[in-house]
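Written out below as structure tokens is the structure these notes cover.
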Amino acid sequence: MTAIVITPRGPFSLAASMRFLEGFTPAGYRDASAGRVLRLAFPADDGHSTVSAAVRQAEDSEGTVQADVTVHAGNPGKDAVGTASAESDAMSAVRAQLARILSLDVDGGGFPRLAEADPVVAELISAYPGLRPVCFYSPYEAAAWAVIGHRIRMVQAAAIKARIAEHHGQRVTVAGEPLHAFPTPLVLRGLSRVPGLPETKAERLRALADAALAGDLDAARLRAMPVEDALAHLRTLPGIGPFSAELILIRGAGHPDVFPRHERRLHASMADAYGLGDPDASDARRLAGISDHWAPYRSWVALLLRTRREEKAGSAADARSVR
């Protein structure tokens, strides 16, 4: 086990991240530690190993984030070993991936300043202090989710994804709790069938695993490309359309500054927040123009809008159930 330390640049709350994950259906996250430890298990970006991590945040003024991390080799039950240099490189890569997952690879020092010129953003930042996007573990896993969840209910998709992890992913114990990571691309590409999915989707998952191993879903590469080029590249992958391409870039690669042009529910929430009526409320260009004022954190503000929308929907559902 290796300790990884990350000092956030700008406001960050691990507790807020954990609350977000509890409502993020693809994660299926359940907190067993009263908000103190974030337990994670995920395929490493290298394509063949699995990472387990217990993440905590210090209560000092810097809010340092520390993760106790183990990298597990491709064979279950064996931890990765090698030369000191190789282990150091592996841990550097894992640190970068963990930082990306929690959006700690982005300097958030300028984020609060967006509130100075935009009352809507000011209200959101005040309502969700320290909340940054919590991403899929990788663009590979985000792409797999997009394929699994296409045209089925999100809860059903989450159950299928969890079953794939349980049957084919690596089982690890993190801070006393057992977890199943989603299978690595090397494992996924070898599955002849996936229970609960039609063969078309299973074939697409295998193709995405090949794409991940070929570097076509590399997070750093995607974020280094111009946004439109990255989205066009992702749309060449099997089963990935415009909506899914944005999902992979924003919530898989962790790009901090992309406005989702194909997320209608977000657009509705944004139009409501800014008091827009027809036709502006459904004009993606008009909404994108407003989002230009959120740069370089367009993805972050979109997350806060989405979070508020989901909270309102949850509150309305609770009220109906009480009646």
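In the structure tokens, chains take the letters A, B, ... in the order shown, each chain's residues start at 1, and ligands count up from 1 in the order shown.
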
Long-range neighbours of Met154 (chain A) as an mmCIF file with C-alpha atoms, in the first residue's frame, 12 Å cut-off, only C-alpha atoms, 3 positions minimum in chain:
data_model
loop_
_atom_site.group_PDB
_atom_site.id
_atom_site.type_symbol
_atom_site.label_atom_id
_atom_site.label_comp_id
_atom_site.auth_asym_id
_atom_site.auth_seq_id
_atom_site.Cartn_x
_atom_site.Cartn_y
_atom_site.Cartn_z
ATOM 1 C CA PHE A 24 -24.664 9.142 -9.200
ATOM 2 C CA THR A 25 -26.341 5.986 -10.492
ATOM 3 C CA PRO A 26 -23.426 4.664 -12.608
ATOM 4 C CA ALA A 27 -21.211 4.627 -9.498
ATOM 5 C CA GLY A 28 -23.657 2.738 -7.307
ATOM 6 C CA TRP A 145 -21.448 2.955 -19.484
ATOM 7 C CA ALA A 146 -22.709 4.821 -22.551
ATOM 8 C CA VAL A 147 -23.035 1.561 -24.474
ATOM 9 C CA ILE A 148 -24.578 -0.395 -21.602
ATOM 10 C CA GLY A 149 -27.109 2.335 -20.834
ATOM 11 C CA HIS A 150 -28.208 3.111 -24.380
ATOM 12 C CA ARG A 151 -32.020 3.028 -24.621
ATOM 13 C CA ALA A 157 -28.000 -0.201 -16.745
ATOM 14 C CA ALA A 158 -26.387 0.275 -13.337
ATOM 15 C CA ALA A 159 -27.430 -3.224 -12.287
ATOM 16 C CA ILE A 160 -25.928 -4.719 -15.460
ATOM 17 C CA LYS A 161 -22.697 -2.767 -14.990
#

From a DSSP pass on the backbone, collect the residues of region 84-220 of chain A flagged as strand (DSSP E or B) and hand them back as a PyMOL selection string. chain A and resi 171-174+177-180

Written selection (N, CA and C atoms) as a CSV table (one decimal), in the first residue's frame:
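Output file part.csv is given in full below:
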chain,number,residue,atom,x,y,z
A,171,ARG,N,-11.9,-8.4,-7.4
A,171,ARG,CA,-12.5,-8.1,-6.1
A,171,ARG,C,-11.4,-7.7,-5.2
A,172,VAL,N,-11.6,-6.5,-4.5
A,172,VAL,CA,-10.5,-6.0,-3.6
A,172,VAL,C,-11.2,-5.6,-2.3
A,173,THR,N,-10.4,-5.4,-1.3
A,173,THR,CA,-10.9,-4.9,0.0
A,173,THR,C,-10.3,-3.6,0.3
A,174,VAL,N,-11.2,-2.6,0.5
A,174,VAL,CA,-10.8,-1.2,0.7
A,174,VAL,C,-11.3,-0.7,2.0
A,177,GLU,N,-13.9,-2.9,3.5
A,177,GLU,CA,-15.1,-3.2,2.7
A,177,GLU,C,-14.8,-3.8,1.3
A,178,PRO,N,-15.5,-4.9,1.0
A,178,PRO,CA,-15.2,-5.5,-0.3
A,178,PRO,C,-15.8,-4.7,-1.5
A,179,LEU,N,-15.0,-4.6,-2.6
A,179,LEU,CA,-15.5,-3.9,-3.7
A,179,LEU,C,-15.1,-4.7,-5.0
A,180,HIS,N,-15.9,-4.5,-6.0
A,180,HIS,CA,-15.6,-5.1,-7.3
A,180,HIS,C,-15.3,-4.0,-8.3

Choose the residue, out of A:Ala209, A:Met1, A:Ala96, A:Ile125, that has the smallest atom-to-atom separation from Ala142 (chain A); count only C-alpha atoms.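 Looking only at the distances to Ala142 (chain A), the closest residue turns out to be A:Ala209.
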
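Taking only C-alpha atoms, the non-local environment of Leu234 (chain A) within 9 Å (same-chain residues fewer than 5 positions away omitted) comprises Asp216, Leu217, Leu222, Asp229, Ile240, Gly241, Pro242, Ser244, Ala245, Glu246, Ile248 and Leu249 of chain A.
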
Region 170-224 of chain A: which residues are helix (DSSP H, G or I) by DSSP, as number ranges by chain? A: 185-188, 199-213, 219-224

Find the spatial neighbours of Gly110 (chain A), counting only C-alpha atoms, within a cut-off of 12 Å - ignore same-chain residues fewer than 5 positions away - and output them as a ChimeraX atom specification. /A:9-11,115-116,294-297,300

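Among the candidate residues A:Phe136, A:Phe12, A:Phe42, A:Phe111, the one lying nearest to Gln57 (chain A) is A:Phe12, with distances computed using only C-alpha atoms.
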
Could you work out how far CA of Ala99 (chain A) lies from CA of Phe20 (chain A), giving the answer in Å with one decimal?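 Between CA of Phe20 (chain A) and CA of Ala99 (chain A) the gap works out to 16.5 Å.
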